[in-house]
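Some notes on the structure that comes next.
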Amino acid sequence: MDIDFGIFSVVHIINLSVNIIFALIYIIPIIFIRRFHQHNNILTLNVCLASICCCLSWLPVYTLPFMEYPLDFLRSTWIYMDILQTIFTIQVPFSLVATSIHRYCSIVYHTETFFKTKRWIILCIGCQWLLAFILIIPNLVCIKLPCGYSLWLSISYFGNTVIISSMICLITNMLIYHYVQSSSRRVQPQAICGHTQPTKISRRDIYLLRHMILMFCVFIGGWAPVFILSIISHYILIRPIVSSSISVICEVALFIDIIDLFLYNHELTKYLKDLSLQCFH
């Protein structure tokens with residue numbers, strides 16, 4: 001094994017493992033403690049779950065080369081690993097999109113009780129996983145075909161994971177911003193006339209949206225170079241050290257997103273701090 005590749009593989013394994021551990025620390029209290037079974041927490045749990053699946057799908061890429069398996073076994077296994085990576089990587093940005101869509105519906109249609117139920121949350125998350133899976137069906141088919149990793153496959157992967165998710169997220173947040181602006185304009189004349197109605201847009205809603213937008217931008221900024229590099233590699237030869245370095249940026253971006261969830265969820269962070277103090281005393 002090449003020394004540089006071995007060093008980068010160890011770095012990747014550490015980064016992915018750390019991401020998985022922090023994501024598990026975040027989701028375990030939400031799963032087992034009833035007071036954390038809130039809509040926002042369930043949505044952020046979904047983001048962490050998608051991140052864990054994404055990291056687990058990439059771990060074998062860096063662990064298998066250390067194991068002395070036959071070359072034919074590695075080649076056949078690589079196909080299934082690519083399928084899993086394709087399935088789970090796209091779920092991370094779409095989990096953030098699902099959160100934005102939920103906030104849009106709960107803010108704009110705040111009088112509809114359906115958007116305040118857990119059934120809506122489950123439907124939102126289920127549609128996210130289903131839609132993302134449908135979008136990558138052509139990719140999954142092409143991976144199994146003799147054509148293998150064509151230019152079209154790289155462009156399709158980039159479009160589905162980065163472009164489509166970015167467009168949906170951008171449109172959703174623009175609609176929310178427009179609603180907030182129009183609502184504030186309607187409230188001002190009512191305040192002058194003495195008929196002020198309380199706004200339904202809470203600071204928690206806006207706070208969550210800001211964090212989701214930040215997390216989405218960090219993820220896209222970290223992962224877009226990988227997909228772009230995959231397209232460029234069809235025209236010029238990319239050195240393994242370059243692709244490995246870009247992959248490290250992806251993992252760091254994912255770690256930043258997971259840490260941002262802790263910064264957003266003050267109640268959960270306080271619980272974990274108190275729990276750690278009890279353990280050490």
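Labeling convention for the structure tokens: chains A, B, ... as they appear, residues from 1 per chain, ligands from 1 in order of appearance.
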
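The shell of residues at most 10 Å from Thr44 of chain A, with only C-alpha atoms counted and near chain neighbours (fewer than 3 positions) removed, consists of Tyr26, Ile27, Ile30, His39, Asn40, Asn41, Val47, Cys48, Leu49, Ala50, Ser95, Leu96, Thr99, Leu208, Met212, Ile258, Leu261, Phe262, Tyr264 and Asn265 of chain A.
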
Computed interatomic separation between atom CA of Ile42 of chain A and atom CA of Gly126 of chain A (Å):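 Taking atom CA of Ile42 of chain A and atom CA of Gly126 of chain A, their separation equals 12.4 Å.
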
As a PDB file with C-alpha atoms, in the first residue's frame, please: all residues of segment 64-264 of chain A that backbone DSSP puts in alpha helix (DSSP H).
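As written to disk, selection_10.pdb reads:
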ATOM      1  CA  LEU A  71      -8.441  -8.515  -5.616  1.00  0.00           C
ATOM      2  CA  ASP A  72     -11.559 -10.030  -7.206  1.00  0.00           C
ATOM      3  CA  PHE A  73     -13.392  -9.800  -3.886  1.00  0.00           C
ATOM      4  CA  LEU A  74     -12.424  -6.141  -3.495  1.00  0.00           C
ATOM      5  CA  ARG A  75     -13.601  -5.298  -7.018  1.00  0.00           C
ATOM      6  CA  SER A  76     -16.985  -6.950  -6.517  1.00  0.00           C
ATOM      7  CA  THR A  77     -17.366  -5.378  -3.077  1.00  0.00           C
ATOM      8  CA  TRP A  78     -16.495  -1.952  -4.454  1.00  0.00           C
ATOM      9  CA  ILE A  79     -19.638  -1.958  -6.606  1.00  0.00           C
ATOM     10  CA  TYR A  80     -21.906  -2.497  -3.598  1.00  0.00           C
ATOM     11  CA  MET A  81     -20.013   0.100  -1.578  1.00  0.00           C
ATOM     12  CA  ASP A  82     -20.551   2.639  -4.370  1.00  0.00           C
ATOM     13  CA  ILE A  83     -24.264   1.844  -4.334  1.00  0.00           C
ATOM     14  CA  LEU A  84     -24.472   2.415  -0.574  1.00  0.00           C
ATOM     15  CA  GLN A  85     -22.458   5.644  -0.827  1.00  0.00           C
ATOM     16  CA  THR A  86     -24.766   6.906  -3.556  1.00  0.00           C
ATOM     17  CA  ILE A  87     -27.876   6.056  -1.527  1.00  0.00           C
ATOM     18  CA  PHE A  88     -26.787   7.567   1.782  1.00  0.00           C
ATOM     19  CA  THR A  89     -24.668  10.578   0.764  1.00  0.00           C
ATOM     20  CA  GLN A  91     -29.762  11.776   2.107  1.00  0.00           C
ATOM     21  CA  VAL A  92     -27.730  14.310   4.126  1.00  0.00           C
ATOM     22  CA  PRO A  93     -28.586  17.433   2.082  1.00  0.00           C
ATOM     23  CA  PHE A  94     -32.148  16.205   1.549  1.00  0.00           C
ATOM     24  CA  SER A  95     -32.599  15.739   5.314  1.00  0.00           C
ATOM     25  CA  LEU A  96     -31.810  19.454   5.655  1.00  0.00           C
ATOM     26  CA  VAL A  97     -34.232  20.200   2.805  1.00  0.00           C
ATOM     27  CA  ALA A  98     -36.939  18.212   4.613  1.00  0.00           C
ATOM     28  CA  THR A  99     -36.407  20.371   7.706  1.00  0.00           C
ATOM     29  CA  SER A 100     -36.770  23.556   5.649  1.00  0.00           C
ATOM     30  CA  ILE A 101     -39.979  22.268   4.025  1.00  0.00           C
ATOM     31  CA  HIS A 102     -41.380  21.383   7.440  1.00  0.00           C
ATOM     32  CA  ARG A 103     -40.640  24.860   8.787  1.00  0.00           C
ATOM     33  CA  TYR A 104     -42.187  26.437   5.690  1.00  0.00           C
ATOM     34  CA  CYS A 105     -45.438  24.503   6.114  1.00  0.00           C
ATOM     35  CA  SER A 106     -45.602  25.037   9.880  1.00  0.00           C
ATOM     36  CA  ILE A 107     -45.002  28.792   9.499  1.00  0.00           C
ATOM     37  CA  VAL A 108     -47.110  29.586   6.436  1.00  0.00           C
ATOM     38  CA  LYS A 118     -45.944  13.832  14.440  1.00  0.00           C
ATOM     39  CA  ARG A 119     -47.701  12.155  11.527  1.00  0.00           C
ATOM     40  CA  TRP A 120     -46.667  15.108   9.355  1.00  0.00           C
ATOM     41  CA  ILE A 121     -43.074  14.832  10.623  1.00  0.00           C
ATOM     42  CA  ILE A 122     -42.965  11.128   9.747  1.00  0.00           C
ATOM     43  CA  LEU A 123     -44.493  11.845   6.332  1.00  0.00           C
ATOM     44  CA  CYS A 124     -41.958  14.603   5.688  1.00  0.00           C
ATOM     45  CA  ILE A 125     -38.997  12.399   6.614  1.00  0.00           C
ATOM     46  CA  GLY A 126     -40.377   9.408   4.693  1.00  0.00           C
ATOM     47  CA  CYS A 127     -40.886  11.490   1.539  1.00  0.00           C
ATOM     48  CA  GLN A 128     -37.333  12.816   1.871  1.00  0.00           C
ATOM     49  CA  TRP A 129     -35.802   9.321   1.908  1.00  0.00           C
ATOM     50  CA  LEU A 130     -38.093   8.137  -0.895  1.00  0.00           C
ATOM     51  CA  LEU A 131     -37.490  11.160  -3.151  1.00  0.00           C
ATOM     52  CA  ALA A 132     -33.718  10.985  -2.718  1.00  0.00           C
ATOM     53  CA  PHE A 133     -33.772   7.271  -3.498  1.00  0.00           C
ATOM     54  CA  ILE A 134     -35.863   7.830  -6.658  1.00  0.00           C
ATOM     55  CA  LEU A 135     -33.477  10.536  -7.875  1.00  0.00           C
ATOM     56  CA  ILE A 137     -32.087   5.164  -9.371  1.00  0.00           C
ATOM     57  CA  PRO A 138     -30.389   6.009 -12.727  1.00  0.00           C
ATOM     58  CA  ASN A 139     -27.062   6.200 -10.886  1.00  0.00           C
ATOM     59  CA  LEU A 140     -27.615   2.816  -9.275  1.00  0.00           C
ATOM     60  CA  VAL A 141     -28.478   1.264 -12.652  1.00  0.00           C
ATOM     61  CA  CYS A 142     -25.397   2.759 -14.346  1.00  0.00           C
ATOM     62  CA  ILE A 143     -23.080   1.472 -11.613  1.00  0.00           C
ATOM     63  CA  LYS A 144     -24.136  -2.082 -12.461  1.00  0.00           C
ATOM     64  CA  LEU A 151     -19.233  11.317 -17.374  1.00  0.00           C
ATOM     65  CA  TRP A 152     -23.023  11.354 -17.398  1.00  0.00           C
ATOM     66  CA  LEU A 153     -23.072   9.438 -14.107  1.00  0.00           C
ATOM     67  CA  SER A 154     -20.774  11.982 -12.434  1.00  0.00           C
ATOM     68  CA  ILE A 155     -22.868  14.900 -13.715  1.00  0.00           C
ATOM     69  CA  SER A 156     -26.081  13.208 -12.602  1.00  0.00           C
ATOM     70  CA  TYR A 157     -24.676  12.568  -9.129  1.00  0.00           C
ATOM     71  CA  PHE A 158     -23.562  16.194  -8.845  1.00  0.00           C
ATOM     72  CA  SER A 165     -31.204  19.997  -3.159  1.00  0.00           C
ATOM     73  CA  SER A 166     -29.784  23.546  -3.334  1.00  0.00           C
ATOM     74  CA  MET A 167     -32.628  24.752  -5.549  1.00  0.00           C
ATOM     75  CA  ILE A 168     -35.318  23.266  -3.292  1.00  0.00           C
ATOM     76  CA  CYS A 169     -33.668  24.687  -0.176  1.00  0.00           C
ATOM     77  CA  LEU A 170     -33.223  28.118  -1.800  1.00  0.00           C
ATOM     78  CA  ILE A 171     -36.831  28.301  -3.028  1.00  0.00           C
ATOM     79  CA  THR A 172     -38.238  27.130   0.315  1.00  0.00           C
ATOM     80  CA  ASN A 173     -36.271  29.676   2.339  1.00  0.00           C
ATOM     81  CA  MET A 174     -37.077  32.468  -0.109  1.00  0.00           C
ATOM     82  CA  LEU A 175     -40.784  31.685   0.311  1.00  0.00           C
ATOM     83  CA  ILE A 176     -40.404  31.739   4.095  1.00  0.00           C
ATOM     84  CA  TYR A 177     -38.553  35.066   3.926  1.00  0.00           C
ATOM     85  CA  HIS A 178     -41.253  36.510   1.662  1.00  0.00           C
ATOM     86  CA  TYR A 179     -43.957  35.346   4.060  1.00  0.00           C
ATOM     87  CA  VAL A 180     -42.159  36.865   7.052  1.00  0.00           C
ATOM     88  CA  GLN A 181     -41.732  40.175   5.235  1.00  0.00           C
ATOM     89  CA  SER A 182     -45.355  40.333   4.060  1.00  0.00           C
ATOM     90  CA  SER A 183     -46.578  39.381   7.548  1.00  0.00           C
ATOM     91  CA  SER A 184     -44.586  42.194   9.154  1.00  0.00           C
ATOM     92  CA  ARG A 185     -46.053  44.684   6.649  1.00  0.00           C
ATOM     93  CA  ARG A 186     -49.594  43.547   7.504  1.00  0.00           C
ATOM     94  CA  VAL A 187     -48.970  43.809  11.248  1.00  0.00           C
ATOM     95  CA  GLN A 188     -47.776  47.440  11.116  1.00  0.00           C
ATOM     96  CA  PRO A 189     -51.046  48.984   9.815  1.00  0.00           C
ATOM     97  CA  GLN A 190     -53.009  46.854  12.288  1.00  0.00           C
ATOM     98  CA  ALA A 191     -50.823  48.134  15.123  1.00  0.00           C
ATOM     99  CA  ILE A 192     -51.575  51.723  14.111  1.00  0.00           C
ATOM    100  CA  CYS A 193     -55.316  51.017  14.115  1.00  0.00           C
ATOM    101  CA  ARG A 203     -37.849  33.044  17.376  1.00  0.00           C
ATOM    102  CA  ARG A 204     -37.280  29.287  17.651  1.00  0.00           C
ATOM    103  CA  ASP A 205     -38.550  28.867  14.075  1.00  0.00           C
ATOM    104  CA  ILE A 206     -36.210  31.530  12.749  1.00  0.00           C
ATOM    105  CA  TYR A 207     -33.342  30.196  14.866  1.00  0.00           C
ATOM    106  CA  LEU A 208     -33.797  26.682  13.482  1.00  0.00           C
ATOM    107  CA  LEU A 209     -34.001  27.999   9.917  1.00  0.00           C
ATOM    108  CA  ARG A 210     -30.754  29.917  10.308  1.00  0.00           C
ATOM    109  CA  HIS A 211     -28.981  26.829  11.578  1.00  0.00           C
ATOM    110  CA  MET A 212     -30.403  24.641   8.809  1.00  0.00           C
ATOM    111  CA  ILE A 213     -29.334  27.153   6.143  1.00  0.00           C
ATOM    112  CA  LEU A 214     -25.848  27.348   7.681  1.00  0.00           C
ATOM    113  CA  MET A 215     -25.579  23.551   7.859  1.00  0.00           C
ATOM    114  CA  PHE A 216     -26.755  23.192   4.271  1.00  0.00           C
ATOM    115  CA  CYS A 217     -24.214  25.741   3.018  1.00  0.00           C
ATOM    116  CA  VAL A 218     -21.407  24.031   4.970  1.00  0.00           C
ATOM    117  CA  PHE A 219     -22.348  20.614   3.578  1.00  0.00           C
ATOM    118  CA  ILE A 220     -22.642  21.816  -0.021  1.00  0.00           C
ATOM    119  CA  GLY A 221     -19.436  23.842   0.286  1.00  0.00           C
ATOM    120  CA  GLY A 222     -17.593  20.809   1.623  1.00  0.00           C
ATOM    121  CA  TRP A 223     -18.999  18.138  -0.693  1.00  0.00           C
ATOM    122  CA  ALA A 224     -19.469  19.996  -3.985  1.00  0.00           C
ATOM    123  CA  PRO A 225     -15.695  19.944  -4.750  1.00  0.00           C
ATOM    124  CA  VAL A 226     -15.739  16.112  -4.613  1.00  0.00           C
ATOM    125  CA  PHE A 227     -18.469  15.878  -7.238  1.00  0.00           C
ATOM    126  CA  ILE A 228     -16.827  18.563  -9.379  1.00  0.00           C
ATOM    127  CA  LEU A 229     -13.503  16.728  -9.109  1.00  0.00           C
ATOM    128  CA  SER A 230     -15.252  13.536 -10.248  1.00  0.00           C
ATOM    129  CA  ILE A 231     -16.415  15.340 -13.403  1.00  0.00           C
ATOM    130  CA  ILE A 232     -12.983  16.891 -14.033  1.00  0.00           C
ATOM    131  CA  PRO A 240      -4.877  10.352  -5.420  1.00  0.00           C
ATOM    132  CA  ILE A 241      -3.448  12.770  -2.850  1.00  0.00           C
ATOM    133  CA  VAL A 242      -5.644  15.555  -4.286  1.00  0.00           C
ATOM    134  CA  SER A 243      -8.845  13.509  -4.126  1.00  0.00           C
ATOM    135  CA  SER A 244      -7.964  12.318  -0.610  1.00  0.00           C
ATOM    136  CA  SER A 245      -7.384  15.903   0.538  1.00  0.00           C
ATOM    137  CA  ILE A 246     -10.751  16.991  -0.869  1.00  0.00           C
ATOM    138  CA  SER A 247     -12.421  14.043   0.882  1.00  0.00           C
ATOM    139  CA  VAL A 248     -10.997  15.227   4.208  1.00  0.00           C
ATOM    140  CA  ILE A 249     -12.774  18.563   3.640  1.00  0.00           C
ATOM    141  CA  CYS A 250     -16.056  16.650   3.177  1.00  0.00           C
ATOM    142  CA  GLU A 251     -15.637  14.883   6.484  1.00  0.00           C
ATOM    143  CA  VAL A 252     -14.752  18.127   8.280  1.00  0.00           C
ATOM    144  CA  ALA A 253     -17.858  19.787   6.790  1.00  0.00           C
ATOM    145  CA  LEU A 254     -20.007  16.944   8.079  1.00  0.00           C
ATOM    146  CA  PHE A 255     -18.396  17.265  11.522  1.00  0.00           C
ATOM    147  CA  ILE A 256     -19.126  21.012  11.584  1.00  0.00           C
ATOM    148  CA  ASP A 257     -22.779  20.282  10.798  1.00  0.00           C
ATOM    149  CA  ILE A 258     -23.045  17.784  13.648  1.00  0.00           C
ATOM    150  CA  ILE A 259     -21.401  20.208  16.089  1.00  0.00           C
ATOM    151  CA  ASP A 260     -23.799  22.925  14.929  1.00  0.00           C
ATOM    152  CA  LEU A 261     -26.713  20.703  15.981  1.00  0.00           C
ATOM    153  CA  PHE A 262     -25.312  20.687  19.518  1.00  0.00           C
ATOM    154  CA  LEU A 263     -24.985  24.478  19.425  1.00  0.00           C
ATOM    155  CA  TYR A 264     -28.595  24.791  18.255  1.00  0.00           C
TER     156      TYR A 264
END

Can you measure atom CA of Leu45 of chain A to atom CA of Leu24 of chain A for me? One decimal in Å is fine. 9.4 Å

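Atom pair atom CA of Asn15 of chain A / atom CA of Ile164 of chain A: separated by 27.2 Å.
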
With only C-alpha atoms as the basis for distance, which of A:Phe115, A:Phe36, A:Phe8, A:Phe22 is at the shortest distance from Cys55 of chain A?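 Looking only at the distances to Cys55 of chain A, the closest residue turns out to be A:Phe22.
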
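Considering only C-alpha atoms, the residue among A:Thr269, A:Ile90, A:His37, A:Gly6 positioned nearest to Cys54 of chain A is A:Ile90.
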